[in-house]
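Listing of target_13.txt, compact mmCIF, C-alpha atoms and all ligand atoms
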```
# COMPACT_ATOMS: atom_id res chain seq x y z
CA MET U 1 25.44 -81.32 -85.48
CA ALA U 2 22.22 -82.39 -83.78
CA PHE U 3 22.20 -83.03 -80.05
CA SER U 4 22.36 -86.59 -78.79
CA LEU U 5 21.41 -87.59 -75.26
CA GLU U 6 24.78 -88.94 -74.15
CA GLN U 7 26.30 -85.47 -74.69
CA MET U 8 24.37 -83.96 -71.78
CA PRO U 9 26.57 -83.36 -68.74
CA LEU U 10 25.07 -84.41 -65.41
CA VAL U 11 25.60 -82.41 -62.24
CA THR U 12 25.59 -84.14 -58.86
CA LEU U 13 23.80 -82.10 -56.23
CA ASN U 14 24.48 -82.26 -52.49
CA SER U 15 21.20 -84.19 -52.23
CA GLY U 16 22.86 -87.00 -54.22
CA GLN U 17 20.60 -86.32 -57.22
CA GLN U 18 22.24 -86.32 -60.64
CA ILE U 19 20.55 -83.88 -62.99
CA PRO U 20 21.15 -82.65 -66.55
CA GLN U 21 23.08 -79.37 -66.58
CA LEU U 22 20.80 -77.89 -69.25
CA GLY U 23 17.01 -77.84 -69.06
CA LEU U 24 14.00 -75.92 -70.33
CA GLY U 25 12.42 -73.02 -68.42
CA VAL U 26 8.72 -72.51 -69.00
CA TYR U 27 8.01 -69.05 -67.55
CA LYS U 28 5.44 -67.30 -69.76
CA VAL U 29 4.70 -70.50 -71.67
CA GLY U 30 0.91 -70.37 -71.92
CA GLN U 31 -1.37 -73.22 -70.90
CA ASP U 32 -2.40 -73.56 -74.54
CA ILE U 33 1.08 -74.65 -75.65
CA ALA U 34 2.86 -75.87 -72.50
CA ASP U 35 1.88 -79.54 -72.88
CA SER U 36 2.87 -79.79 -76.55
CA LEU U 37 6.05 -77.72 -76.04
CA VAL U 38 7.28 -79.98 -73.23
CA GLN U 39 6.46 -83.08 -75.30
CA LYS U 40 8.41 -81.61 -78.22
CA ALA U 41 11.30 -80.74 -75.90
CA ILE U 42 11.43 -84.32 -74.64
CA GLU U 43 11.61 -85.53 -78.27
CA VAL U 44 14.51 -83.15 -78.91
CA GLY U 45 16.36 -84.44 -75.83
CA TYR U 46 15.46 -82.21 -72.89
CA ARG U 47 15.04 -84.13 -69.64
CA ARG U 48 14.74 -81.31 -67.15
CA PHE U 49 11.95 -78.75 -66.80
CA ASP U 50 11.67 -75.67 -64.64
CA THR U 51 8.19 -74.45 -63.73
CA ALA U 52 6.60 -72.69 -60.73
CA SER U 53 3.15 -72.20 -59.28
CA LEU U 54 3.43 -68.60 -60.54
CA TYR U 55 3.73 -69.80 -64.16
CA ASP U 56 0.29 -71.41 -63.99
CA ASN U 57 1.31 -74.31 -66.22
CA GLU U 58 2.17 -77.07 -63.72
CA LEU U 59 -0.89 -79.03 -64.85
CA GLU U 60 0.23 -79.00 -68.50
CA VAL U 61 3.90 -79.71 -67.71
CA GLY U 62 2.87 -82.69 -65.60
CA ALA U 63 0.57 -83.98 -68.34
CA ALA U 64 3.41 -83.88 -70.88
CA ILE U 65 5.73 -85.72 -68.47
CA ARG U 66 3.13 -88.48 -68.01
CA LYS U 67 2.48 -88.75 -71.76
CA SER U 68 6.19 -89.07 -72.58
CA GLY U 69 6.17 -92.76 -71.72
CA LEU U 70 9.67 -92.37 -70.25
CA PRO U 71 10.43 -93.82 -66.82
CA ARG U 72 9.75 -91.10 -64.26
CA SER U 73 13.35 -91.45 -63.05
CA GLU U 74 14.64 -90.15 -66.40
CA LEU U 75 12.95 -86.77 -66.03
CA VAL U 76 13.66 -83.98 -63.58
CA VAL U 77 11.00 -81.44 -62.68
CA THR U 78 11.53 -78.33 -60.61
CA THR U 79 8.70 -76.23 -59.22
CA LYS U 80 8.63 -73.31 -56.82
CA ILE U 81 6.49 -72.01 -53.99
CA TRP U 82 5.32 -68.45 -54.55
CA ASN U 83 5.77 -65.45 -52.27
CA ASP U 84 2.23 -65.43 -50.86
CA ARG U 85 2.64 -68.97 -49.44
CA HIS U 86 5.58 -68.37 -47.09
CA GLY U 87 5.20 -69.76 -43.54
CA TYR U 88 5.13 -73.36 -42.28
CA GLU U 89 1.48 -74.45 -42.71
CA SER U 90 0.83 -72.34 -45.78
CA THR U 91 3.89 -73.83 -47.49
CA LEU U 92 2.86 -77.42 -46.69
CA GLU U 93 -0.54 -76.71 -48.28
CA ALA U 94 1.12 -75.11 -51.31
CA ILE U 95 3.36 -78.17 -51.75
CA ASP U 96 0.28 -80.44 -51.75
CA GLU U 97 -1.34 -78.20 -54.37
CA ALA U 98 1.76 -78.36 -56.58
CA LEU U 99 1.89 -82.16 -56.25
CA ASP U 100 -1.80 -82.38 -57.19
CA LYS U 101 -1.37 -80.19 -60.25
CA LEU U 102 1.79 -81.86 -61.51
CA ASN U 103 0.49 -85.35 -60.73
CA ILE U 104 3.87 -86.98 -61.40
CA GLU U 105 4.39 -88.97 -58.15
CA TYR U 106 7.03 -86.61 -56.77
CA ILE U 107 8.72 -83.26 -57.31
CA ASP U 108 12.42 -83.63 -58.07
CA LEU U 109 13.38 -80.16 -56.89
CA LEU U 110 11.26 -77.77 -54.88
CA LEU U 111 12.49 -74.18 -54.55
CA ILE U 112 11.54 -71.16 -52.45
CA HIS U 113 10.85 -68.75 -55.33
CA TRP U 114 12.03 -65.57 -53.53
CA PRO U 115 13.21 -65.06 -49.94
CA VAL U 116 11.05 -61.90 -49.56
CA PRO U 117 13.07 -60.67 -46.57
CA SER U 118 10.39 -58.06 -45.74
CA GLN U 119 8.06 -60.95 -44.72
CA ASP U 120 10.79 -62.55 -42.61
CA LYS U 121 9.33 -66.05 -43.03
CA TYR U 122 11.75 -67.96 -45.21
CA ILE U 123 13.22 -69.91 -42.27
CA GLU U 124 9.73 -71.24 -41.45
CA THR U 125 9.16 -71.99 -45.12
CA TRP U 126 12.43 -73.92 -45.20
CA ALA U 127 11.36 -76.00 -42.18
CA ALA U 128 8.25 -77.02 -44.17
CA PHE U 129 10.49 -77.94 -47.13
CA GLU U 130 12.63 -80.10 -44.83
CA SER U 131 9.51 -81.83 -43.57
CA ALA U 132 8.29 -82.46 -47.16
CA LEU U 133 11.65 -84.05 -47.96
CA THR U 134 11.05 -86.76 -45.38
CA THR U 135 7.83 -87.87 -47.13
CA GLY U 136 9.66 -88.75 -50.37
CA ARG U 137 7.16 -86.70 -52.39
CA VAL U 138 9.85 -84.05 -52.72
CA GLN U 139 13.28 -85.42 -53.57
CA GLY U 140 15.43 -82.33 -53.31
CA ILE U 141 15.03 -78.83 -51.91
CA GLY U 142 16.63 -75.57 -52.87
CA VAL U 143 16.16 -71.85 -53.10
CA SER U 144 15.88 -69.14 -55.70
CA ASN U 145 16.91 -65.50 -55.62
CA PHE U 146 18.85 -65.92 -52.39
CA ASN U 147 21.65 -63.39 -51.94
CA VAL U 148 24.59 -64.20 -49.67
CA SER U 149 22.95 -62.70 -46.55
CA HIS U 150 19.81 -64.84 -47.05
CA LEU U 151 21.94 -67.96 -47.54
CA GLU U 152 24.04 -67.22 -44.48
CA ARG U 153 20.91 -67.05 -42.35
CA LEU U 154 19.44 -70.21 -43.88
CA LEU U 155 22.66 -72.15 -43.28
CA ALA U 156 22.81 -70.92 -39.68
CA GLU U 157 19.16 -71.57 -38.79
CA GLY U 158 18.13 -74.44 -41.06
CA ASN U 159 19.15 -78.11 -40.94
CA THR U 160 19.58 -78.80 -44.66
CA VAL U 161 21.94 -77.10 -47.10
CA PRO U 162 19.97 -76.11 -50.23
CA ALA U 163 20.78 -78.34 -53.21
CA LEU U 164 20.78 -75.35 -55.53
CA ASN U 165 20.26 -71.62 -55.73
CA GLN U 166 18.53 -70.38 -58.89
CA ILE U 167 19.45 -66.74 -59.52
CA GLU U 168 19.33 -64.23 -62.32
CA LEU U 169 22.64 -64.79 -64.10
CA HIS U 170 23.85 -63.89 -67.59
CA PRO U 171 26.82 -62.07 -69.16
CA ALA U 172 25.49 -58.66 -68.01
CA LEU U 173 24.97 -59.94 -64.42
CA GLN U 174 27.69 -62.46 -63.65
CA GLN U 175 26.99 -62.74 -59.91
CA ASP U 176 30.53 -63.65 -58.82
CA LEU U 177 29.75 -63.10 -55.12
CA VAL U 178 26.75 -65.45 -54.99
CA ARG U 179 28.41 -68.02 -57.28
CA THR U 180 31.50 -68.11 -55.05
CA PHE U 181 29.42 -68.41 -51.88
CA ASP U 182 27.29 -71.18 -53.41
CA ALA U 183 30.37 -73.13 -54.51
CA ALA U 184 32.07 -72.78 -51.14
CA ASN U 185 28.98 -74.26 -49.46
CA GLY U 186 28.25 -77.11 -51.86
CA ILE U 187 25.23 -75.35 -53.40
CA ALA U 188 24.84 -75.61 -57.19
CA THR U 189 24.20 -72.32 -58.98
CA GLU U 190 21.45 -72.27 -61.59
CA ALA U 191 21.01 -69.37 -64.02
CA TRP U 192 17.57 -67.86 -64.65
CA SER U 193 17.10 -65.49 -67.59
CA PRO U 194 20.35 -67.07 -68.80
CA LEU U 195 19.97 -65.32 -72.17
CA ALA U 196 19.17 -61.98 -70.48
CA ARG U 197 15.78 -62.39 -72.21
CA GLY U 198 17.38 -61.63 -75.57
CA ARG U 199 18.74 -58.25 -74.50
CA MET U 200 22.32 -59.14 -75.44
CA ASN U 201 21.60 -60.43 -78.94
CA GLN U 202 23.14 -57.32 -80.50
CA ASP U 203 26.22 -57.30 -78.27
CA GLU U 204 29.33 -56.98 -80.44
CA VAL U 205 31.55 -59.34 -78.45
CA LEU U 206 28.90 -62.06 -78.40
CA GLN U 207 28.15 -61.56 -82.09
CA ALA U 208 31.86 -61.83 -82.92
CA LEU U 209 32.19 -65.04 -80.87
CA ALA U 210 29.08 -66.45 -82.54
CA ALA U 211 30.55 -65.76 -85.98
CA GLU U 212 33.94 -67.25 -85.01
CA HIS U 213 32.34 -70.49 -83.79
CA GLY U 214 29.59 -70.68 -86.44
CA LYS U 215 26.97 -70.60 -83.69
CA SER U 216 24.20 -68.21 -82.59
CA VAL U 217 24.57 -65.67 -79.79
CA ALA U 218 22.16 -67.76 -77.68
CA GLN U 219 24.32 -70.86 -78.19
CA VAL U 220 27.47 -68.94 -77.20
CA ILE U 221 25.81 -67.68 -74.01
CA ILE U 222 24.52 -71.15 -73.10
CA ARG U 223 27.97 -72.61 -73.72
CA TRP U 224 29.49 -69.92 -71.45
CA HIS U 225 27.12 -70.97 -68.65
CA LEU U 226 27.99 -74.64 -69.09
CA GLN U 227 31.73 -73.96 -69.03
CA LEU U 228 31.35 -71.85 -65.87
CA GLY U 229 29.61 -74.83 -64.26
CA ASN U 230 26.17 -73.18 -64.00
CA LEU U 231 22.99 -75.15 -64.35
CA VAL U 232 21.07 -73.40 -67.12
CA ILE U 233 17.39 -73.29 -68.15
CA PRO U 234 16.84 -71.12 -71.25
CA LYS U 235 13.20 -70.62 -72.16
CA THR U 236 11.80 -70.79 -75.66
CA SER U 237 8.33 -71.38 -77.02
CA ASN U 238 9.76 -71.88 -80.49
CA PRO U 239 10.32 -75.51 -81.55
CA ASP U 240 13.33 -74.62 -83.77
CA ARG U 241 14.99 -72.76 -80.93
CA LEU U 242 14.39 -75.75 -78.62
CA ALA U 243 16.77 -77.71 -80.83
CA GLU U 244 19.15 -74.76 -81.25
CA ASN U 245 19.52 -74.15 -77.50
CA ILE U 246 20.51 -77.74 -76.75
CA ASP U 247 22.88 -78.02 -79.71
CA VAL U 248 25.82 -76.65 -77.75
CA PHE U 249 28.06 -79.65 -77.25
CA ASP U 250 30.05 -79.57 -80.49
CA PHE U 251 32.15 -76.49 -79.75
CA GLU U 252 34.13 -75.03 -76.90
CA LEU U 253 34.91 -71.47 -75.84
CA SER U 254 38.63 -70.91 -75.24
CA SER U 255 39.89 -69.28 -72.04
CA HIS U 256 40.38 -66.13 -74.14
CA ASP U 257 36.73 -66.30 -75.29
CA MET U 258 35.63 -66.74 -71.66
CA SER U 259 37.71 -63.67 -70.67
CA ARG U 260 36.08 -61.62 -73.40
CA ILE U 261 32.64 -62.52 -72.05
CA ALA U 262 33.82 -61.74 -68.50
CA THR U 263 34.26 -58.11 -69.60
CA LEU U 264 30.53 -57.82 -70.38
CA ASN U 265 29.44 -57.76 -66.74
CA THR U 266 27.63 -54.49 -65.95
CA ASN U 267 25.64 -55.77 -62.95
CA THR U 268 22.47 -55.07 -64.91
CA ARG U 269 19.36 -56.95 -63.80
CA THR U 270 16.31 -57.74 -65.90
CA GLY U 271 14.38 -58.46 -62.68
CA THR U 272 14.17 -57.26 -59.07
CA ASN U 273 17.02 -57.33 -56.56
CA PRO U 274 15.90 -59.93 -53.98
CA ASP U 275 16.90 -57.57 -51.14
CA ASP U 276 14.21 -55.12 -52.26
CA MET U 277 11.20 -57.39 -51.87
P1 LIG D 301 15.72 -66.32 -71.06
O1 LIG D 301 16.98 -65.57 -70.76
O2 LIG D 301 15.72 -67.78 -71.08
O3 LIG D 301 15.19 -65.73 -72.43
C1 LIG D 301 13.98 -66.12 -73.00
C2 LIG D 301 13.76 -65.23 -74.21
O4 LIG D 301 14.77 -65.48 -75.18
C3 LIG D 301 12.42 -65.48 -74.86
O5 LIG D 301 11.95 -64.23 -75.32
C4 LIG D 301 12.77 -66.40 -76.04
O6 LIG D 301 11.86 -66.16 -77.08
C5 LIG D 301 14.16 -65.91 -76.40
N1 LIG D 301 14.99 -66.98 -76.96
C6 LIG D 301 15.16 -68.24 -76.47
N2 LIG D 301 16.04 -68.92 -77.22
C7 LIG D 301 16.42 -68.10 -78.22
C8 LIG D 301 17.31 -68.25 -79.30
N3 LIG D 301 17.97 -69.37 -79.54
N4 LIG D 301 17.46 -67.18 -80.15
C9 LIG D 301 16.80 -66.03 -79.92
N5 LIG D 301 15.96 -65.83 -78.90
C10 LIG D 301 15.76 -66.86 -78.04
O7 LIG D 301 14.61 -65.75 -70.01
P2 LIG D 301 13.58 -66.30 -68.96
O8 LIG D 301 13.28 -65.14 -68.10
O9 LIG D 301 12.45 -67.01 -69.56
O10 LIG D 301 14.43 -67.34 -68.07
C11 LIG D 301 14.51 -68.73 -68.33
C12 LIG D 301 13.80 -69.53 -67.26
O11 LIG D 301 14.30 -69.19 -65.96
C13 LIG D 301 12.30 -69.22 -67.13
O12 LIG D 301 11.55 -69.79 -68.16
C14 LIG D 301 12.02 -69.78 -65.78
O13 LIG D 301 11.93 -71.19 -65.84
C15 LIG D 301 13.26 -69.34 -65.00
N6 LIG D 301 13.06 -68.06 -64.30
C16 LIG D 301 13.11 -68.09 -62.93
C17 LIG D 301 12.94 -66.93 -62.20
C18 LIG D 301 13.01 -67.00 -60.73
O14 LIG D 301 12.69 -66.00 -60.07
N7 LIG D 301 13.42 -68.10 -60.14
C19 LIG D 301 12.67 -65.63 -62.84
C20 LIG D 301 12.66 -65.71 -64.30
C21 LIG D 301 12.87 -66.87 -64.97
P3 LIG D 301 11.05 -67.37 -77.80
O15 LIG D 301 10.24 -68.05 -76.72
O16 LIG D 301 10.21 -66.67 -78.80
O17 LIG D 301 12.10 -68.24 -78.41
```
Do you think you could lay out the structure here as structure tokens?
Amino acid sequence: MAFSLEQMPLVTLNSGQQIPQLGLGVYKVGQDIADSLVQKAIEVGYRRFDTASLYDNELEVGAAIRKSGLPRSELVVTTKIWNDRHGYESTLEAIDEALDKLNIEYIDLLLIHWPVPSQDKYIETWAAFESALTTGRVQGIGVSNFNVSHLERLLAEGNTVPALNQIELHPALQQDLVRTFDAANGIATEAWSPLARGRMNQDEVLQALAAEHGKSVAQVIIRWHLQLGNLVIPKTSNPDRLAENIDVFDFELSSHDMSRIATLNTNTRTGTNPDDM
């Protein structure tokens, strides 16, 4: 069954923003295809896009958003400030640069990409985020790759609770500690590398569940995220898989299925542990 827009669950963030639970990540989507891919995704039904200054495609993502002809309020765009721009003034400049590149009136969600504890500047960076929020050019602020210790410090020393925390999260890295802390503090958890970058495609449990539900392994994993309550932003550059990854609202994993996936946690990261940066 093809996806239809009214099927998309909306999540209400502590900022009051209501955003689609499933969006498209565009890490490693080249400038040559980013504009057309985002336009195609909008046609298929995606309304939320996750980019970053690091991805070097903000210009193209913004162009596609403008070309869509949809009211700006119907689309949600996240971008992130990279590690070399931490600190109050440097962050304010980086936010202006992101706004210039995207050229879409405002950023829906602005995230600190990594806390980089070795720099010890994320509290200053957060103060700049709070100041940007007051201008209206940034509508919501959050963090990425924050472990519990980083969040505890931010909550103690900052004035605004992050709207969301985007962390590496997939069946091999289920992140119960961070998810529980986020939930207890009203912070939404968003999964990056939600498909473990394809590394679990051969997993026997996931393949069995896919066969039982007549779905692909990617669809089963995305469904698992949705049922856990995670925001989820699978990336694909492939137009067919754009449609496949959003076609996840016509089946449901049982509690037994969810328990089977729970056994797959091995605390295996595809990326860096944020504490080590
Ligand atoms: P994902 O777990 O989303 O996996 C993407 C990979 O899976 C690509 O190789 C893609 O290939 C493949 N794929 C996608 N859909 C399917 C499918 N249906 N069947 C088979 N293969 C599929 O990894 P990402 O690391 O890209 O994470 C998603 C997003 O999270 C990023 O794009 C980015 O927005 C964000 N992110 C944030 C980070 C952070 O530090 N905050 C770090 C990393 C990512 P193909 O394109 O060929 O389909």
Per-residue nearest contacts of chain U to ligand LIG 301 (chain D) (8 Å; all atoms listed in the file) as JSON lines:
```
{"residue": "U:Leu24", "atom": "CA", "partner": "D:LIG301", "partner_atom": "O13", "distance": 6.8}
{"residue": "U:Gly25", "atom": "CA", "partner": "D:LIG301", "partner_atom": "O13", "distance": 3.2}
{"residue": "U:Val26", "atom": "CA", "partner": "D:LIG301", "partner_atom": "O12", "distance": 4.0}
{"residue": "U:Tyr27", "atom": "CA", "partner": "D:LIG301", "partner_atom": "O12", "distance": 3.7}
{"residue": "U:Lys28", "atom": "CA", "partner": "D:LIG301", "partner_atom": "O12", "distance": 6.8}
{"residue": "U:Val29", "atom": "CA", "partner": "D:LIG301", "partner_atom": "O12", "distance": 7.7}
{"residue": "U:Phe49", "atom": "CA", "partner": "D:LIG301", "partner_atom": "O13", "distance": 7.6}
{"residue": "U:Asp50", "atom": "CA", "partner": "D:LIG301", "partner_atom": "O13", "distance": 4.6}
{"residue": "U:Thr51", "atom": "CA", "partner": "D:LIG301", "partner_atom": "O13", "distance": 5.4}
{"residue": "U:Ala52", "atom": "CA", "partner": "D:LIG301", "partner_atom": "O13", "distance": 7.5}
{"residue": "U:Lys80", "atom": "CA", "partner": "D:LIG301", "partner_atom": "N7", "distance": 7.8}
{"residue": "U:His113", "atom": "CA", "partner": "D:LIG301", "partner_atom": "N7", "distance": 5.5}
{"residue": "U:Trp114", "atom": "CA", "partner": "D:LIG301", "partner_atom": "O14", "distance": 6.6}
{"residue": "U:Ser144", "atom": "CA", "partner": "D:LIG301", "partner_atom": "N7", "distance": 5.2}
{"residue": "U:Asn145", "atom": "CA", "partner": "D:LIG301", "partner_atom": "O14", "distance": 6.2}
{"residue": "U:Gln166", "atom": "CA", "partner": "D:LIG301", "partner_atom": "N7", "distance": 5.7}
{"residue": "U:Ile167", "atom": "CA", "partner": "D:LIG301", "partner_atom": "N7", "distance": 6.2}
{"residue": "U:Glu168", "atom": "CA", "partner": "D:LIG301", "partner_atom": "C19", "distance": 6.8}
{"residue": "U:His170", "atom": "CA", "partner": "D:LIG301", "partner_atom": "O1", "distance": 7.8}
{"residue": "U:Ala191", "atom": "CA", "partner": "D:LIG301", "partner_atom": "O11", "distance": 7.0}
{"residue": "U:Trp192", "atom": "CA", "partner": "D:LIG301", "partner_atom": "O11", "distance": 3.8}
{"residue": "U:Ser193", "atom": "CA", "partner": "D:LIG301", "partner_atom": "O1", "distance": 3.2}
{"residue": "U:Pro194", "atom": "CA", "partner": "D:LIG301", "partner_atom": "O1", "distance": 4.2}
{"residue": "U:Leu195", "atom": "CA", "partner": "D:LIG301", "partner_atom": "O1", "distance": 3.3}
{"residue": "U:Ala196", "atom": "CA", "partner": "D:LIG301", "partner_atom": "O1", "distance": 4.2}
{"residue": "U:Arg197", "atom": "CA", "partner": "D:LIG301", "partner_atom": "O3", "distance": 3.4}
{"residue": "U:Gly198", "atom": "CA", "partner": "D:LIG301", "partner_atom": "O4", "distance": 4.7}
{"residue": "U:Asn201", "atom": "CA", "partner": "D:LIG301", "partner_atom": "C9", "distance": 7.4}
{"residue": "U:Ser216", "atom": "CA", "partner": "D:LIG301", "partner_atom": "N3", "distance": 7.0}
{"residue": "U:Val217", "atom": "CA", "partner": "D:LIG301", "partner_atom": "N4", "distance": 7.3}
{"residue": "U:Ala218", "atom": "CA", "partner": "D:LIG301", "partner_atom": "N3", "distance": 4.9}
{"residue": "U:Gln219", "atom": "CA", "partner": "D:LIG301", "partner_atom": "N3", "distance": 6.7}
{"residue": "U:Ile233", "atom": "CA", "partner": "D:LIG301", "partner_atom": "C12", "distance": 5.3}
{"residue": "U:Pro234", "atom": "CA", "partner": "D:LIG301", "partner_atom": "O2", "distance": 3.5}
{"residue": "U:Lys235", "atom": "CA", "partner": "D:LIG301", "partner_atom": "O2", "distance": 3.9}
{"residue": "U:Thr236", "atom": "CA", "partner": "D:LIG301", "partner_atom": "O15", "distance": 3.3}
{"residue": "U:Ser237", "atom": "CA", "partner": "D:LIG301", "partner_atom": "O15", "distance": 3.9}
{"residue": "U:Asn238", "atom": "CA", "partner": "D:LIG301", "partner_atom": "O17", "distance": 4.8}
{"residue": "U:Arg241", "atom": "CA", "partner": "D:LIG301", "partner_atom": "N3", "distance": 4.7}
{"residue": "U:Leu242", "atom": "CA", "partner": "D:LIG301", "partner_atom": "N2", "distance": 7.2}
{"residue": "U:Glu244", "atom": "CA", "partner": "D:LIG301", "partner_atom": "N3", "distance": 5.8}
{"residue": "U:Asn245", "atom": "CA", "partner": "D:LIG301", "partner_atom": "N3", "distance": 5.4}
{"residue": "U:Gly271", "atom": "CA", "partner": "D:LIG301", "partner_atom": "C19", "distance": 7.4}
```
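In this model, the gap between atom CA of Leu151 of chain U and atom CA of Pro117 of chain U comes to 11.5 Å.
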>> I'd like the interatomic distance between atom CA of Ile221 of chain U and atom CA of Ile81 of chain U, to a tenth of an Å.
In response: 28.2 Å
> Near Ala163 of chain U, counting only C-alpha atoms, which residues have an atom at most 6 Å away, once you skip same-chain residues fewer than 4 positions from it, shown as a list in words?
Replying inline: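 The neighbour list is Leu13, Asn14, Ser15, Ile141, Gly142 and Ile187 of chain U.
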Export of the given selection (C-alpha atoms) as an mmCIF file, in the frame of the given file:
```cif
data_model
loop_
_atom_site.group_PDB
_atom_site.id
_atom_site.type_symbol
_atom_site.label_atom_id
_atom_site.label_comp_id
_atom_site.auth_asym_id
_atom_site.auth_seq_id
_atom_site.Cartn_x
_atom_site.Cartn_y
_atom_site.Cartn_z
ATOM 1 C CA LEU U 13 23.800 -82.100 -56.230
ATOM 2 C CA ASN U 14 24.480 -82.260 -52.490
ATOM 3 C CA SER U 15 21.200 -84.190 -52.230
ATOM 4 C CA ILE U 141 15.030 -78.830 -51.910
ATOM 5 C CA GLY U 142 16.630 -75.570 -52.870
ATOM 6 C CA ILE U 187 25.230 -75.350 -53.400
#
```
> What is the distance between atom CA of Glu204 of chain U and atom CA of Asp247 of chain U, in Å to one decimal?
Replying inline: 22.0 Å
> Which polymer residues, protein or nucleic acid, are no farther than 9 Å from (30.6, -79.4, -69.2), counting only C-alpha atoms, as a PyMOL selection string?
Replying inline: chain U and resi 8-10+21+223+226-229+249
> Hey, which of U:Pro115, U:Gly23, U:Gly69, U:Pro162 ends up closest to Arg85 of chain U? Count only C-alpha atoms.
Replying inline: U:Pro115
>> Calculated over only C-alpha atoms, which of the candidates U:Val232, U:Val76, U:Ile246, U:Ala63 has the smallest distance to Leu5 of chain U?
In response: U:Ile246
> So which residues are close to (28.2, -71.0, -53.3), meaning at most 12 Å away in the file's coordinates with only C-alpha atoms counted, and can you show them as a PyMOL selection string?
Replying inline: chain U and resi 14+146-149+151-152+155+161-167+175-190+229-230
Restricting the output to C-alpha atoms, write the selected residues as a PDB file, in the coordinates of the input.
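Writing done, so here's part30.pdb:
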```pdb
ATOM      1  CA  ASN U  14      24.480 -82.260 -52.490  1.00  0.00           C
ATOM      2  CA  PHE U 146      18.850 -65.920 -52.390  1.00  0.00           C
ATOM      3  CA  ASN U 147      21.650 -63.390 -51.940  1.00  0.00           C
ATOM      4  CA  VAL U 148      24.590 -64.200 -49.670  1.00  0.00           C
ATOM      5  CA  SER U 149      22.950 -62.700 -46.550  1.00  0.00           C
ATOM      6  CA  LEU U 151      21.940 -67.960 -47.540  1.00  0.00           C
ATOM      7  CA  GLU U 152      24.040 -67.220 -44.480  1.00  0.00           C
ATOM      8  CA  LEU U 155      22.660 -72.150 -43.280  1.00  0.00           C
ATOM      9  CA  VAL U 161      21.940 -77.100 -47.100  1.00  0.00           C
ATOM     10  CA  PRO U 162      19.970 -76.110 -50.230  1.00  0.00           C
ATOM     11  CA  ALA U 163      20.780 -78.340 -53.210  1.00  0.00           C
ATOM     12  CA  LEU U 164      20.780 -75.350 -55.530  1.00  0.00           C
ATOM     13  CA  ASN U 165      20.260 -71.620 -55.730  1.00  0.00           C
ATOM     14  CA  GLN U 166      18.530 -70.380 -58.890  1.00  0.00           C
ATOM     15  CA  ILE U 167      19.450 -66.740 -59.520  1.00  0.00           C
ATOM     16  CA  GLN U 175      26.990 -62.740 -59.910  1.00  0.00           C
ATOM     17  CA  ASP U 176      30.530 -63.650 -58.820  1.00  0.00           C
ATOM     18  CA  LEU U 177      29.750 -63.100 -55.120  1.00  0.00           C
ATOM     19  CA  VAL U 178      26.750 -65.450 -54.990  1.00  0.00           C
ATOM     20  CA  ARG U 179      28.410 -68.020 -57.280  1.00  0.00           C
ATOM     21  CA  THR U 180      31.500 -68.110 -55.050  1.00  0.00           C
ATOM     22  CA  PHE U 181      29.420 -68.410 -51.880  1.00  0.00           C
ATOM     23  CA  ASP U 182      27.290 -71.180 -53.410  1.00  0.00           C
ATOM     24  CA  ALA U 183      30.370 -73.130 -54.510  1.00  0.00           C
ATOM     25  CA  ALA U 184      32.070 -72.780 -51.140  1.00  0.00           C
ATOM     26  CA  ASN U 185      28.980 -74.260 -49.460  1.00  0.00           C
ATOM     27  CA  GLY U 186      28.250 -77.110 -51.860  1.00  0.00           C
ATOM     28  CA  ILE U 187      25.230 -75.350 -53.400  1.00  0.00           C
ATOM     29  CA  ALA U 188      24.840 -75.610 -57.190  1.00  0.00           C
ATOM     30  CA  THR U 189      24.200 -72.320 -58.980  1.00  0.00           C
ATOM     31  CA  GLU U 190      21.450 -72.270 -61.590  1.00  0.00           C
ATOM     32  CA  GLY U 229      29.610 -74.830 -64.260  1.00  0.00           C
ATOM     33  CA  ASN U 230      26.170 -73.180 -64.000  1.00  0.00           C
TER      34      ASN U 230
END
```
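Among the candidate residues U:Ile19, U:Ala41, U:Leu264, U:Met200, the one lying nearest to Gln139 of chain U is U:Ile19, with distances computed using only C-alpha atoms.
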